[in-house]
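The next block is start04.cif, given as mmCIF, C-alpha atoms.
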data_my_file
#
loop_
_atom_site.label_atom_id
_atom_site.label_comp_id
_atom_site.auth_asym_id
_atom_site.auth_seq_id
_atom_site.Cartn_x
_atom_site.Cartn_y
_atom_site.Cartn_z
CA MET P 567 24.54 -18.72 29.23
CA ASP P 568 28.05 -17.49 28.72
CA THR P 569 28.46 -14.10 30.37
CA ILE P 570 31.89 -14.44 31.94
CA PHE P 571 33.77 -14.99 28.73
CA THR P 572 32.17 -12.48 26.40
CA ARG P 573 32.89 -12.77 22.73
CA GLY P 574 33.96 -9.92 20.47
CA PRO P 575 34.74 -6.36 21.47
CA SER P 576 33.75 -5.02 24.88
CA LEU P 577 30.52 -3.12 25.39
CA ASN P 578 32.24 0.26 25.53
CA ASN P 579 34.06 -0.40 22.29
CA ARG P 580 30.83 -1.49 20.67
CA LEU P 581 29.14 1.72 21.75
CA ALA P 582 32.04 3.81 20.48
CA LEU P 583 31.93 1.96 17.15
CA ALA P 584 28.14 2.32 16.80
CA LEU P 585 28.15 6.04 17.64
CA THR P 586 31.08 6.81 15.35
CA LEU P 587 29.42 4.91 12.51
CA SER P 588 26.14 6.73 13.15
CA VAL P 589 27.79 10.14 13.11
CA LEU P 590 29.65 9.28 9.92
CA LEU P 591 26.40 8.07 8.33
CA ILE P 592 24.53 11.21 9.39
CA PHE P 593 27.29 13.36 7.96
CA ALA P 594 27.51 11.37 4.70
CA ASP P 595 23.74 11.26 4.24
CA HIS P 596 22.79 14.77 5.29
CA LYS P 597 25.75 16.89 4.26
CA LEU P 598 27.19 14.95 1.32
CA ASP P 599 24.01 13.27 0.03
CA ALA P 600 26.07 10.11 -0.50
CA PHE P 601 23.11 7.70 -0.33
CA GLN P 602 20.94 9.27 -3.02
CA SER P 603 21.20 6.24 -5.30
CA THR P 604 21.51 3.56 -2.60
CA ARG P 605 18.30 4.74 -0.94
CA VAL P 606 16.27 3.23 -3.78
CA TYR P 607 17.59 -0.24 -2.92
CA LEU P 608 17.32 0.32 0.83
CA ASN P 609 13.70 1.44 0.43
CA SER P 610 12.93 -1.56 -1.75
CA ILE P 611 14.39 -3.91 0.85
CA MET P 612 12.22 -2.34 3.54
CA SER P 613 9.03 -2.04 1.48
CA PRO P 614 7.62 -5.47 2.54
CA LEU P 615 7.53 -4.18 6.13
CA GLN P 616 5.66 -1.12 4.95
CA TYR P 617 3.13 -3.21 3.07
CA LEU P 618 2.75 -5.40 6.15
CA ALA P 619 2.16 -2.39 8.39
CA ASN P 620 -0.41 -1.11 5.93
CA LEU P 621 -2.32 -4.40 5.85
CA PRO P 622 -4.72 -3.79 8.79
CA LYS P 623 -5.79 -0.47 7.28
CA VAL P 624 -6.40 -2.07 3.89
CA LEU P 625 -8.40 -4.92 5.47
CA LEU P 626 -10.48 -2.52 7.55
CA ASN P 627 -11.19 -0.36 4.51
CA GLU P 628 -12.21 -3.38 2.50
CA SER P 629 -14.53 -4.77 5.16
CA ALA P 630 -16.00 -1.30 5.61
CA GLN P 631 -16.66 -1.21 1.87
CA ARG P 632 -18.36 -4.58 2.00
CA LEU P 633 -20.54 -3.51 4.88
CA THR P 634 -21.75 -0.22 3.38
CA SER P 635 -25.45 -0.40 2.92
CA HIS P 636 -27.29 -0.44 -0.35
CA GLN P 637 -28.85 2.90 0.61
CA ALA P 638 -25.49 4.59 1.14
CA LEU P 639 -24.28 3.29 -2.21
CA LEU P 640 -27.37 4.63 -3.96
CA ALA P 641 -26.96 8.04 -2.31
CA ASP P 642 -23.28 8.07 -3.25
CA ASN P 643 -24.12 7.12 -6.81
CA GLU P 644 -26.62 9.92 -7.14
CA ARG P 645 -24.26 12.49 -5.69
CA LEU P 646 -21.43 11.39 -7.98
CA THR P 647 -23.67 11.35 -11.05
CA ASN P 648 -24.74 14.91 -10.30
CA GLN P 649 -21.17 15.97 -9.74
CA ASN P 650 -20.11 14.25 -12.94
CA LEU P 651 -22.80 16.06 -14.89
CA LYS P 652 -21.75 19.44 -13.53
CA MET P 653 -18.10 18.71 -14.18
CA SER P 654 -18.60 17.48 -17.71
CA GLU P 655 -20.56 20.63 -18.47
CA GLN P 656 -17.62 22.66 -17.14
CA LEU P 657 -15.24 20.47 -19.08
CA GLN P 658 -17.06 21.18 -22.34
CA ARG P 659 -16.62 24.90 -21.79
CA PHE P 660 -13.04 24.28 -20.71
CA ASN P 661 -12.24 22.33 -23.88
CA VAL P 662 -13.54 25.17 -26.03
CA LEU P 663 -11.56 27.68 -24.00
CA GLN P 664 -8.41 25.57 -24.19
CA ALA P 665 -8.66 25.31 -27.94
CA GLU P 666 -9.30 29.04 -28.16
CA ASN P 667 -6.37 29.79 -25.87
CA ALA P 668 -4.04 27.56 -27.89
CA GLU P 669 -5.19 29.33 -31.06
CA LEU P 670 -4.54 32.76 -29.57
CA ARG P 671 -1.16 31.71 -28.22
CA LYS P 672 -0.21 30.42 -31.64
CA LEU P 673 -1.25 33.74 -33.15
CA LEU P 674 0.95 35.54 -30.63
CA GLU P 675 3.77 33.05 -31.30
CA VAL P 676 3.88 32.11 -27.63
CA PRO P 677 4.60 28.42 -27.05
CA VAL P 678 1.41 26.48 -26.41
CA LYS P 679 1.10 25.29 -22.81
CA PRO P 680 2.32 21.69 -22.68
CA LYS P 681 -0.11 18.93 -21.93
CA VAL P 682 0.51 16.96 -18.76
CA ARG P 683 0.48 13.19 -18.30
CA LYS P 684 -1.15 12.12 -15.04
CA MET P 685 -1.39 9.04 -12.86
CA VAL P 686 -3.44 8.38 -9.74
CA ALA P 687 -1.55 7.07 -6.72
CA ALA P 688 -2.87 6.01 -3.33
CA LEU P 689 -1.54 6.96 0.07
CA MET P 690 0.29 4.08 1.75
CA ALA P 691 1.53 5.48 5.00
CA VAL P 692 1.97 8.76 6.82
CA ASP P 693 5.22 9.10 8.69
CA ASN P 694 4.82 9.12 12.42
CA ASN P 695 8.08 10.97 12.79
CA PRO P 696 6.79 14.17 14.42
CA PHE P 697 9.66 16.25 13.07
CA SER P 698 8.92 15.76 9.40
CA GLN P 699 5.93 15.81 7.13
CA GLN P 700 6.31 12.95 4.70
CA ILE P 701 4.04 10.32 3.21
CA MET P 702 4.55 7.10 1.25
CA ILE P 703 2.67 6.46 -1.98
CA ASN P 704 2.17 3.18 -3.82
CA LYS P 705 3.86 4.13 -7.10
CA GLY P 706 7.57 3.77 -7.73
CA ALA P 707 10.30 3.59 -10.32
CA ILE P 708 8.48 0.88 -12.32
CA ASP P 709 5.60 3.34 -12.85
CA GLY P 710 8.01 6.02 -14.05
CA VAL P 711 8.06 8.12 -10.90
CA TYR P 712 11.14 10.34 -10.78
CA LEU P 713 12.89 12.44 -8.15
CA SER P 714 11.27 15.79 -7.27
CA GLN P 715 8.14 15.03 -9.26
CA ALA P 716 5.09 17.16 -8.39
CA VAL P 717 2.29 15.50 -6.40
CA LEU P 718 -1.24 16.94 -6.17
CA ASP P 719 -4.59 16.08 -4.64
CA ASP P 720 -8.02 17.08 -5.93
CA ARG P 721 -7.58 20.66 -4.66
CA GLY P 722 -3.98 21.68 -5.06
CA ILE P 723 -0.30 20.92 -4.72
CA VAL P 724 0.62 18.45 -1.98
CA GLY P 725 4.37 18.09 -2.30
CA GLN P 726 7.17 16.55 -4.29
CA VAL P 727 8.75 13.11 -4.56
CA MET P 728 11.78 12.89 -2.32
CA GLU P 729 12.89 9.26 -2.62
CA VAL P 730 11.94 6.73 -5.28
CA GLY P 731 11.71 3.03 -4.49
CA THR P 732 10.89 0.22 -6.91
CA THR P 733 7.20 0.01 -6.04
CA ASN P 734 6.72 2.90 -3.63
CA SER P 735 8.09 6.37 -3.09
CA ARG P 736 8.36 8.97 -0.38
CA VAL P 737 6.76 12.38 -0.81
CA VAL P 738 7.74 15.43 1.21
CA LEU P 739 4.74 17.69 1.85
CA ILE P 740 4.81 21.44 1.23
CA SER P 741 4.30 21.93 4.97
CA ASP P 742 7.60 20.21 5.90
CA VAL P 743 10.12 22.55 7.55
CA THR P 744 12.71 21.74 4.91
CA HIS P 745 10.40 22.50 1.99
CA ALA P 746 9.81 25.74 0.11
CA ILE P 747 7.76 26.34 -3.01
CA PRO P 748 7.83 29.34 -5.38
CA VAL P 749 4.33 30.81 -5.73
CA ARG P 750 2.65 33.86 -7.13
CA SER P 751 -0.46 35.69 -6.05
CA MET P 752 -3.33 35.13 -8.47
CA ARG P 753 -4.69 38.65 -7.86
CA ASN P 754 -1.63 40.66 -8.84
CA ASN P 755 1.12 38.20 -9.88
CA ILE P 756 3.52 39.13 -7.08
CA ARG P 757 6.03 36.35 -6.48
CA PHE P 758 6.64 34.75 -3.07
CA VAL P 759 8.40 31.78 -1.59
CA ALA P 760 6.17 29.72 0.71
CA THR P 761 7.97 27.55 3.28
CA GLY P 762 6.43 24.93 5.55
CA ASN P 763 6.67 25.21 9.31
CA GLY P 764 5.86 21.66 10.37
CA ALA P 765 2.11 22.13 10.88
CA PHE P 766 -0.37 20.68 8.42
CA ASP P 767 -2.33 23.91 7.98
CA GLU P 768 0.28 26.65 7.80
CA LEU P 769 2.79 27.98 5.29
CA PHE P 770 4.98 31.03 5.84
CA LEU P 771 5.68 33.54 3.09
CA GLU P 772 9.33 34.48 3.44
CA HIS P 773 10.83 37.96 3.12
CA VAL P 774 7.69 39.92 2.26
CA PRO P 775 8.40 43.68 2.53
CA HIS P 776 5.82 45.80 4.32
CA SER P 777 5.05 47.70 1.14
CA VAL P 778 3.93 44.66 -0.85
CA ASP P 779 0.24 44.41 -1.70
CA VAL P 780 -0.85 41.15 -0.09
CA GLN P 781 -4.24 40.68 1.57
CA GLU P 782 -6.12 38.00 3.44
CA GLY P 783 -7.85 35.68 1.02
CA ASP P 784 -5.30 36.03 -1.78
CA VAL P 785 -4.96 32.74 -3.65
CA LEU P 786 -1.39 31.64 -4.29
CA VAL P 787 -0.66 29.44 -7.29
CA SER P 788 2.61 27.75 -8.24
CA SER P 789 4.74 30.04 -10.36
CA GLY P 790 6.75 27.27 -12.04
CA LEU P 791 9.96 29.17 -11.37
CA GLY P 792 11.82 26.45 -9.49
CA ARG P 793 11.31 24.11 -12.44
CA VAL P 794 9.98 21.50 -10.01
CA PHE P 795 6.29 22.32 -9.88
CA PRO P 796 4.30 22.98 -13.06
CA GLU P 797 2.87 26.45 -13.33
CA GLY P 798 -0.60 27.52 -12.31
CA TYR P 799 -1.75 24.95 -9.75
CA PRO P 800 -3.29 26.30 -6.53
CA VAL P 801 -1.03 26.03 -3.49
CA ALA P 802 -2.40 28.09 -0.61
CA LYS P 803 -4.67 30.88 0.52
CA VAL P 804 -3.41 33.78 2.64
CA THR P 805 -5.02 33.66 6.08
CA SER P 806 -3.27 36.39 8.01
CA VAL P 807 -1.06 39.40 7.26
CA VAL P 808 0.59 41.15 10.20
CA HIS P 809 2.53 44.36 9.62
CA ASP P 810 4.69 44.78 12.69
CA GLU P 811 6.92 47.76 11.86
CA GLY P 812 9.47 46.59 14.41
CA ARG P 813 10.26 43.64 12.19
CA PRO P 814 12.07 43.84 8.86
CA PHE P 815 9.39 41.87 7.00
CA ALA P 816 5.66 41.37 7.22
CA THR P 817 4.47 38.11 8.80
CA VAL P 818 2.27 36.44 6.21
CA ILE P 819 0.68 33.06 6.91
CA ALA P 820 -1.15 31.02 4.31
CA GLN P 821 -3.17 27.84 4.54
CA PRO P 822 -2.47 25.06 2.02
CA VAL P 823 -5.37 24.48 -0.35
CA ALA P 824 -4.72 20.73 -0.43
CA ARG P 825 -6.06 18.95 2.63
CA LEU P 826 -2.72 17.60 3.82
CA ASP P 827 -4.15 15.85 6.87
CA ARG P 828 -6.74 13.82 4.97
CA LEU P 829 -4.99 12.70 1.82
CA LYS P 830 -6.17 9.52 0.19
CA HIS P 831 -5.79 9.62 -3.58
CA LEU P 832 -3.02 11.63 -5.13
CA LEU P 833 -2.16 12.74 -8.62
CA LEU P 834 1.32 12.41 -10.09
CA LEU P 835 2.20 14.77 -12.96
CA TRP P 836 4.61 14.28 -15.84
CA PRO P 837 4.89 17.72 -17.44
CA GLN P 838 6.07 17.22 -21.00
CA GLN P 839 9.06 19.18 -22.20
CA GLU P 840 8.15 22.38 -24.04
CA LYS P 841 10.52 21.46 -26.85
CA ASP P 842 8.61 18.24 -27.60
CA THR P 843 5.27 20.02 -27.93
CA ARG P 844 6.80 22.59 -30.24
CA VAL P 845 8.13 19.80 -32.42
CA ASP P 846 4.70 18.15 -32.29
CA ASN P 847 3.08 21.42 -33.30
CA LEU P 848 5.52 21.84 -36.17
CA GLU P 849 4.88 18.31 -37.30
CA SER P 850 1.14 18.70 -37.11
CA ASP P 851 1.42 22.02 -38.93
CA ASN P 852 3.50 20.35 -41.65
CA ALA P 853 1.01 17.53 -41.87
CA ALA P 854 -1.84 20.00 -42.18
CA ALA P 855 0.05 21.94 -44.83
CA GLN P 856 0.70 18.75 -46.77
CA GLN P 857 -2.93 17.80 -46.55
CA GLU P 858 -3.90 21.22 -47.85
CA THR P 859 -1.52 20.94 -50.80
CA GLN P 860 -2.89 17.55 -51.64
CA MET K 328 8.04 -25.90 18.61
CA LEU K 329 10.47 -26.18 15.74
CA PRO K 330 14.09 -25.41 16.59
CA ARG K 331 14.15 -22.98 13.68
CA ALA K 332 11.27 -20.95 15.12
CA ARG K 333 13.23 -20.71 18.36
CA HIS K 334 16.25 -19.55 16.47
CA TYR K 335 14.44 -16.68 14.79
CA PHE K 336 12.19 -15.75 17.70
CA ILE K 337 14.14 -12.66 18.82
CA ALA K 338 14.40 -11.37 15.26
CA SER K 339 10.69 -11.86 14.66
CA THR K 340 9.68 -9.99 17.83
CA ILE K 341 11.86 -7.10 16.70
CA LEU K 342 10.25 -7.20 13.24
CA VAL K 343 6.77 -7.11 14.80
CA ALA K 344 7.86 -4.13 16.89
CA LEU K 345 9.09 -2.34 13.74
CA VAL K 346 5.78 -2.97 11.98
CA LEU K 347 3.83 -1.66 14.99
CA GLN K 348 6.10 1.37 15.06
CA ILE K 349 5.31 2.40 11.47
CA MET K 350 1.67 1.22 11.30
CA PRO K 351 -0.61 4.05 10.17
CA MET K 352 -2.90 5.28 12.94
CA PRO K 353 -5.38 8.14 13.34
CA ILE K 354 -3.65 11.40 14.23
CA GLN K 355 -5.19 11.55 17.73
CA ALA K 356 -3.87 8.08 18.61
CA ASP K 357 -0.57 8.66 16.83
CA LEU K 358 0.54 11.16 19.48
CA TYR K 359 0.48 8.45 22.14
CA ARG K 360 2.07 5.65 20.08
CA PRO K 361 4.42 3.80 22.46
CA ASP K 362 8.00 3.16 21.41
CA TRP K 363 7.52 -0.49 20.56
CA VAL K 364 11.02 -0.95 19.21
CA ILE K 365 12.80 0.36 22.26
CA ILE K 366 10.56 -1.64 24.64
CA VAL K 367 11.24 -4.92 22.84
CA LEU K 368 14.96 -4.17 22.52
CA ALA K 369 15.06 -3.25 26.22
CA TYR K 370 13.49 -6.57 27.20
CA TRP K 371 15.95 -8.62 25.18
CA THR K 372 18.93 -6.58 26.36
CA MET K 373 17.98 -7.16 29.96
CA ALA K 374 17.13 -10.85 29.50
CA LEU K 375 19.85 -11.95 27.07
CA PRO K 376 22.53 -9.23 26.92
CA HIS K 377 24.96 -11.56 25.11
CA ARG K 378 22.57 -11.88 22.15
CA VAL K 379 21.01 -8.42 21.92
CA ASN K 380 23.01 -5.31 22.71
CA VAL K 381 24.47 -2.26 21.02
CA GLY K 382 25.16 -3.95 17.68
CA VAL K 383 21.57 -5.13 17.18
CA ALA K 384 20.29 -1.73 18.34
CA PHE K 385 22.48 -0.06 15.70
CA LEU K 386 21.10 -2.27 12.90
CA VAL K 387 17.48 -1.83 14.03
CA GLY K 388 18.11 1.93 14.18
CA LEU K 389 19.29 1.89 10.57
CA ALA K 390 16.12 0.04 9.56
CA MET K 391 14.06 2.69 11.36
CA ASP K 392 15.95 5.47 9.58
CA ILE K 393 15.07 3.91 6.24
CA LEU K 394 11.44 3.29 7.20
CA LEU K 395 10.90 6.75 8.65
CA GLY K 396 12.91 8.61 6.03
CA THR K 397 15.19 10.41 8.47
CA ALA K 398 18.86 10.96 7.68
CA LEU K 399 20.67 7.61 8.00
CA GLY K 400 22.25 7.25 11.41
CA ILE K 401 19.93 9.34 13.57
CA HIS K 402 17.82 6.54 15.00
CA SER K 403 20.79 4.19 15.16
CA PHE K 404 22.68 6.77 17.25
CA ALA K 405 19.79 7.25 19.68
CA LEU K 406 18.96 3.53 19.93
CA SER K 407 22.54 2.35 20.48
CA ALA K 408 23.10 5.02 23.13
CA SER K 409 19.96 4.06 25.07
CA VAL K 410 20.52 0.31 24.75
CA TYR K 411 24.10 0.79 25.98
CA VAL K 412 22.78 2.21 29.25
CA LEU K 413 20.70 -0.94 29.74
CA ALA K 414 23.39 -3.38 28.66
CA ALA K 415 25.90 -1.82 31.04
CA ASN K 416 23.53 -2.15 34.03
CA TYR K 417 21.50 -5.25 33.19
CA GLN K 418 22.43 -7.18 36.33
CA ARG K 419 21.14 -4.42 38.60
CA LEU K 420 18.02 -3.70 36.51
CA ARG K 421 16.97 -7.35 36.46
CA ASN K 422 16.52 -7.30 40.23
CA TYR K 423 14.13 -4.35 40.19
CA SER K 424 10.41 -4.90 40.41
CA VAL K 425 8.40 -4.48 37.19
CA TRP K 426 7.14 -1.04 38.23
CA GLN K 427 10.62 0.19 39.03
CA GLN K 428 11.69 -1.11 35.64
CA ALA K 429 8.82 0.82 34.06
CA ILE K 430 10.22 4.03 35.51
CA ILE K 431 13.67 3.13 34.15
CA ILE K 432 12.07 2.50 30.75
CA GLY K 433 10.43 5.93 30.97
CA LEU K 434 13.81 7.55 31.65
CA LEU K 435 15.31 5.56 28.79
CA CYS K 436 12.57 6.69 26.40
CA SER K 437 13.11 10.31 27.44
CA LEU K 438 16.81 9.93 26.71
CA TYR K 439 15.95 8.36 23.34
CA HIS K 440 13.50 11.11 22.37
CA LEU K 441 15.74 13.93 23.53
CA VAL K 442 18.74 12.53 21.62
CA LEU K 443 16.51 12.18 18.53
CA PHE K 444 15.31 15.75 18.95
CA TRP K 445 18.81 17.15 19.45
CA LEU K 446 20.21 15.36 16.43
CA GLN K 447 17.38 16.49 14.19
CA HIS K 448 17.56 19.98 15.64
CA LEU K 449 21.21 20.10 14.57
CA LEU K 450 20.30 19.08 11.01
CA THR K 451 17.08 21.01 10.46
CA ASP K 452 15.66 23.85 12.49
CA ILE K 453 12.72 22.14 14.19
CA PRO K 454 10.79 23.57 17.12
CA PHE K 455 10.27 21.57 20.33
CA GLN K 456 6.72 20.64 21.27
CA PHE K 457 5.69 18.98 24.50
CA ALA K 458 3.58 16.52 22.53
CA TYR K 459 6.79 14.76 21.41
CA LEU K 460 7.10 13.42 24.96
CA TRP K 461 3.72 11.65 25.24
CA PRO K 462 5.16 8.30 24.01
CA ILE K 463 7.28 8.17 27.17
CA PHE K 464 4.16 7.74 29.31
CA SER K 465 2.47 5.24 27.03
CA SER K 466 5.71 3.22 26.90
CA MET K 467 5.88 3.17 30.69
CA ILE K 468 2.32 1.88 30.88
CA LEU K 469 2.98 -0.73 28.21
CA TRP K 470 6.23 -2.06 29.68
CA PRO K 471 4.82 -4.50 32.35
CA TRP K 472 2.56 -6.18 29.78
CA ILE K 473 5.28 -6.60 27.18
CA PHE K 474 7.68 -7.77 29.87
CA TRP K 475 5.20 -10.39 31.05
CA LEU K 476 4.36 -11.56 27.50
CA LEU K 477 7.94 -11.80 26.29
CA ARG K 478 9.12 -13.53 29.45
CA LYS K 479 6.37 -16.10 29.15
CA LEU K 480 7.23 -16.77 25.51
CA ARG K 481 10.96 -16.88 26.23
CA ARG K 482 10.49 -19.43 28.99
CA GLN K 483 8.10 -21.56 26.96
CA LEU K 484 10.42 -21.65 23.96
CA ASN K 485 13.48 -21.94 26.19
CA ILE K 486 15.47 -19.27 24.38
CA THR K 487 18.96 -18.61 25.69
#
Here is a file; write its structure as structure tokens.
Amino acid sequence: MDTIFTRGPSLNNRLALALTLSVLLIFADHKLDAFQSTRVYLNSIMSPLQYLANLPKVLLNESAQRLTSHQALLADNERLTNQNLKMSEQLQRFNVLQAENAELRKLLEVPVKPKVRKMVAALMAVDNNPFSQQIMINKGAIDGVYLSQAVLDDRGIVGQVMEVGTTNSRVVLISDVTHAIPVRSMRNNIRFVATGNGAFDELFLEHVPHSVDVQEGDVLVSSGLGRVFPEGYPVAKVTSVVHDEGRPFATVIAQPVARLDRLKHLLLLWPQQEKDTRVDNLESDNAAAQQETQ
Amino acid sequence: MLPRARHYFIASTILVALVLQIMPMPIQADLYRPDWVIIVLAYWTMALPHRVNVGVAFLVGLAMDILLGTALGIHSFALSASVYVLAANYQRLRNYSVWQQAIIIGLLCSLYHLVLFWLQHLLTDIPFQFAYLWPIFSSMILWPWIFWLLRKLRRQLNIT
């Protein structure tokens, strides 16, 4: 061991160098956003570690699946068949309604609501950083995931894509302290901004005047105003409204509809541009007109 | 043992620590997750300060920033600062008994967590919760076992 003649800079200089570099990096990353494009490569380099860390969970899940009894599978099958039946019945009605709605919108010359492409993604890892609410999903740039794409679960909006890697990406949840989502009340269309506060089951509605009509149980859906989240997906339900006249605004707390603490399968959305659907409509109209003339 | 395995042994223990640090766990257990990375780095800094010190801590911190999605530089700042304290006093700390060292590790983890909290508090407005400090206790309890395991491996493989 060679401790008398140390190589390289002294310990103090090393510390000074490391701390200066760290501060510069924090400044460049947080204030200047200088690593937006490099992060993709950095994430890709680190993704094997993430897959490795995820391995025990995957193995456990798989062995649990193998060990489920025949009985449980049968019960599951029955439940799912029933659910499927109910849902397909609803879907039939929904299809009719959608067609009707599109017809009416066309009559009113309002652009038809665009169709949305979807993809199912699975949860890879939940961050154990207690200061932030982020998750990793197993879809990345090769699947077409893009920055600030909307992510949903089977109940409502979960969050948006924050960093894209090659095969995985990072999603920031709506309950993160740095996240806010534009919403509107389904009952009376009043607009709000819902920010996260770091807990899985709470969102704050910011700057709500005392005079605004908001009640417990109001359902908040995405308003589509930030151009990040598509319009009309459920986000949260108001759980408490406190009018303290000593404060400038009412304290309104809502609970996210999506179950952020038990996510497993997630839905990625690709809302198509409105322009494209209009062109499609025009083209299909033209085609129909041509067919009629023939 | 192959000479190559000996050569990469320190790096592979640090990699294992990183994997344990980010491994998904149930929320109840997640609160008490010990700071694997800082424990392993602390052992190597005390045992072989000429191979592992502030520079390695900085690089491992960067890897943690990428894995945890924090702003680049936060974990590297906290890790290099805490490893510096060890590297500057390694001769004294080596002579302590394992339980005294565990207390030192607890203090080190508190420093690490508080620096992390302060830095993130500067960047985003996060509230302090006492639950952030549970890992300090689990790390203290874990330290003697990791110390014993790593020392045994280091002596068997004759790593200098």
- Message: Nearest residue to Thr487 (chain K) out of K:Leu434, K:Leu345, K:Ala390, K:Leu375, using all atoms listed in the file?
- Response: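 Of K:Leu434, K:Leu345, K:Ala390, K:Leu375, the one nearest Thr487 (chain K), counting all atoms listed in the file, is K:Leu375.
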- Task: Could you list the residues in chain K lying within 9 Å of chain P, using only C-alpha atoms, and format the result as number ranges by chain?
- Result: K: 342, 345-352, 354, 357-358, 360, 375-377, 380-382, 384-385, 389-390, 393-405, 407-408, 411, 414-415, 444, 447, 450-454, 459, 487
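The residues returned by the PyMOL selection byres ((chain K and resi 362) around 9) for this structure are Ala344, Gln348, Arg360, Pro361, Trp363, Val364, Ile365, Ile366, Val367, Cys436, Pro462, Ile463, Ser465 and Ser466 of chain K.
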Writer output for current selection, C-alpha atoms, as a short mmCIF file (atom, residue, chain, number, x, y, z; two decimals), in the coordinates of the input:
data_model
loop_
_atom_site.label_atom_id
_atom_site.label_comp_id
_atom_site.auth_asym_id
_atom_site.auth_seq_id
_atom_site.Cartn_x
_atom_site.Cartn_y
_atom_site.Cartn_z
CA ALA K 344 7.86 -4.13 16.89
CA GLN K 348 6.10 1.37 15.06
CA ARG K 360 2.07 5.65 20.08
CA PRO K 361 4.42 3.80 22.46
CA TRP K 363 7.52 -0.49 20.56
CA VAL K 364 11.02 -0.95 19.21
CA ILE K 365 12.80 0.36 22.26
CA ILE K 366 10.56 -1.64 24.64
CA VAL K 367 11.24 -4.92 22.84
CA CYS K 436 12.57 6.69 26.40
CA PRO K 462 5.16 8.30 24.01
CA ILE K 463 7.28 8.17 27.17
CA SER K 465 2.47 5.24 27.03
CA SER K 466 5.71 3.22 26.90
#
- Task: Record the distance separating CA of Leu832 (chain P) and CA of Leu689 (chain P), expressed in Å with one decimal.
- Result: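 So the answer is 7.1 Å.
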- Message: Suppose a student applies the PyMOL selection byres ((chain P and resi 746) around 8) to this structure; what residues should they get, written as an NGL selection string?
- Response: :P and (740 or 744-745 or 747-748 or 759-762)
- Item | Target residues per the PyMOL selection byres ((chain P and resi 749) around 6), formatted as a PyMOL selection string | chain P and resi 748+750+757-759+786-789
- Message: I want to know what sits within 10 Å of Thr805 (chain P), based on only C-alpha atoms, with residues of the same chain fewer than 6 positions away left out; could you give that as a PyMOL selection string?
- Response: chain P and resi 768-769+781-785+818-822
- Note on the structure: Correct to one decimal, the distance CA of Ala816 (chain P)-CA of Gly792 (chain P) is 23.2 Å
- Just how far from CA of Val379 (chain K) is CA of Gln427 (chain K), in Å to one decimal?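 Between these atoms lies a distance of 21.8 Å.
Near (16.6, -16.8, 17.3), the residues that fall inside 12 Å on the basis of only C-alpha atoms are Leu329, Pro330, Arg331, Ala332, Arg333, His334, Tyr335, Phe336, Ile337, Ala338, Ser339, Thr340, Ile341, Trp371, Leu375, Arg378, Val379, Arg481, Leu484, Asn485, Ile486 and Thr487 of chain K.
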For C-alpha atoms, I'd like the residues from the last selection saved as a PDB file, keeping the file's coordinate frame.
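part.pdb was written with the following content:
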ATOM      1  CA  LEU K 329      10.470 -26.180  15.740  1.00  0.00           C
ATOM      2  CA  PRO K 330      14.090 -25.410  16.590  1.00  0.00           C
ATOM      3  CA  ARG K 331      14.150 -22.980  13.680  1.00  0.00           C
ATOM      4  CA  ALA K 332      11.270 -20.950  15.120  1.00  0.00           C
ATOM      5  CA  ARG K 333      13.230 -20.710  18.360  1.00  0.00           C
ATOM      6  CA  HIS K 334      16.250 -19.550  16.470  1.00  0.00           C
ATOM      7  CA  TYR K 335      14.440 -16.680  14.790  1.00  0.00           C
ATOM      8  CA  PHE K 336      12.190 -15.750  17.700  1.00  0.00           C
ATOM      9  CA  ILE K 337      14.140 -12.660  18.820  1.00  0.00           C
ATOM     10  CA  ALA K 338      14.400 -11.370  15.260  1.00  0.00           C
ATOM     11  CA  SER K 339      10.690 -11.860  14.660  1.00  0.00           C
ATOM     12  CA  THR K 340       9.680  -9.990  17.830  1.00  0.00           C
ATOM     13  CA  ILE K 341      11.860  -7.100  16.700  1.00  0.00           C
ATOM     14  CA  TRP K 371      15.950  -8.620  25.180  1.00  0.00           C
ATOM     15  CA  LEU K 375      19.850 -11.950  27.070  1.00  0.00           C
ATOM     16  CA  ARG K 378      22.570 -11.880  22.150  1.00  0.00           C
ATOM     17  CA  VAL K 379      21.010  -8.420  21.920  1.00  0.00           C
ATOM     18  CA  ARG K 481      10.960 -16.880  26.230  1.00  0.00           C
ATOM     19  CA  LEU K 484      10.420 -21.650  23.960  1.00  0.00           C
ATOM     20  CA  ASN K 485      13.480 -21.940  26.190  1.00  0.00           C
ATOM     21  CA  ILE K 486      15.470 -19.270  24.380  1.00  0.00           C
ATOM     22  CA  THR K 487      18.960 -18.610  25.690  1.00  0.00           C
TER      23      THR K 487
END
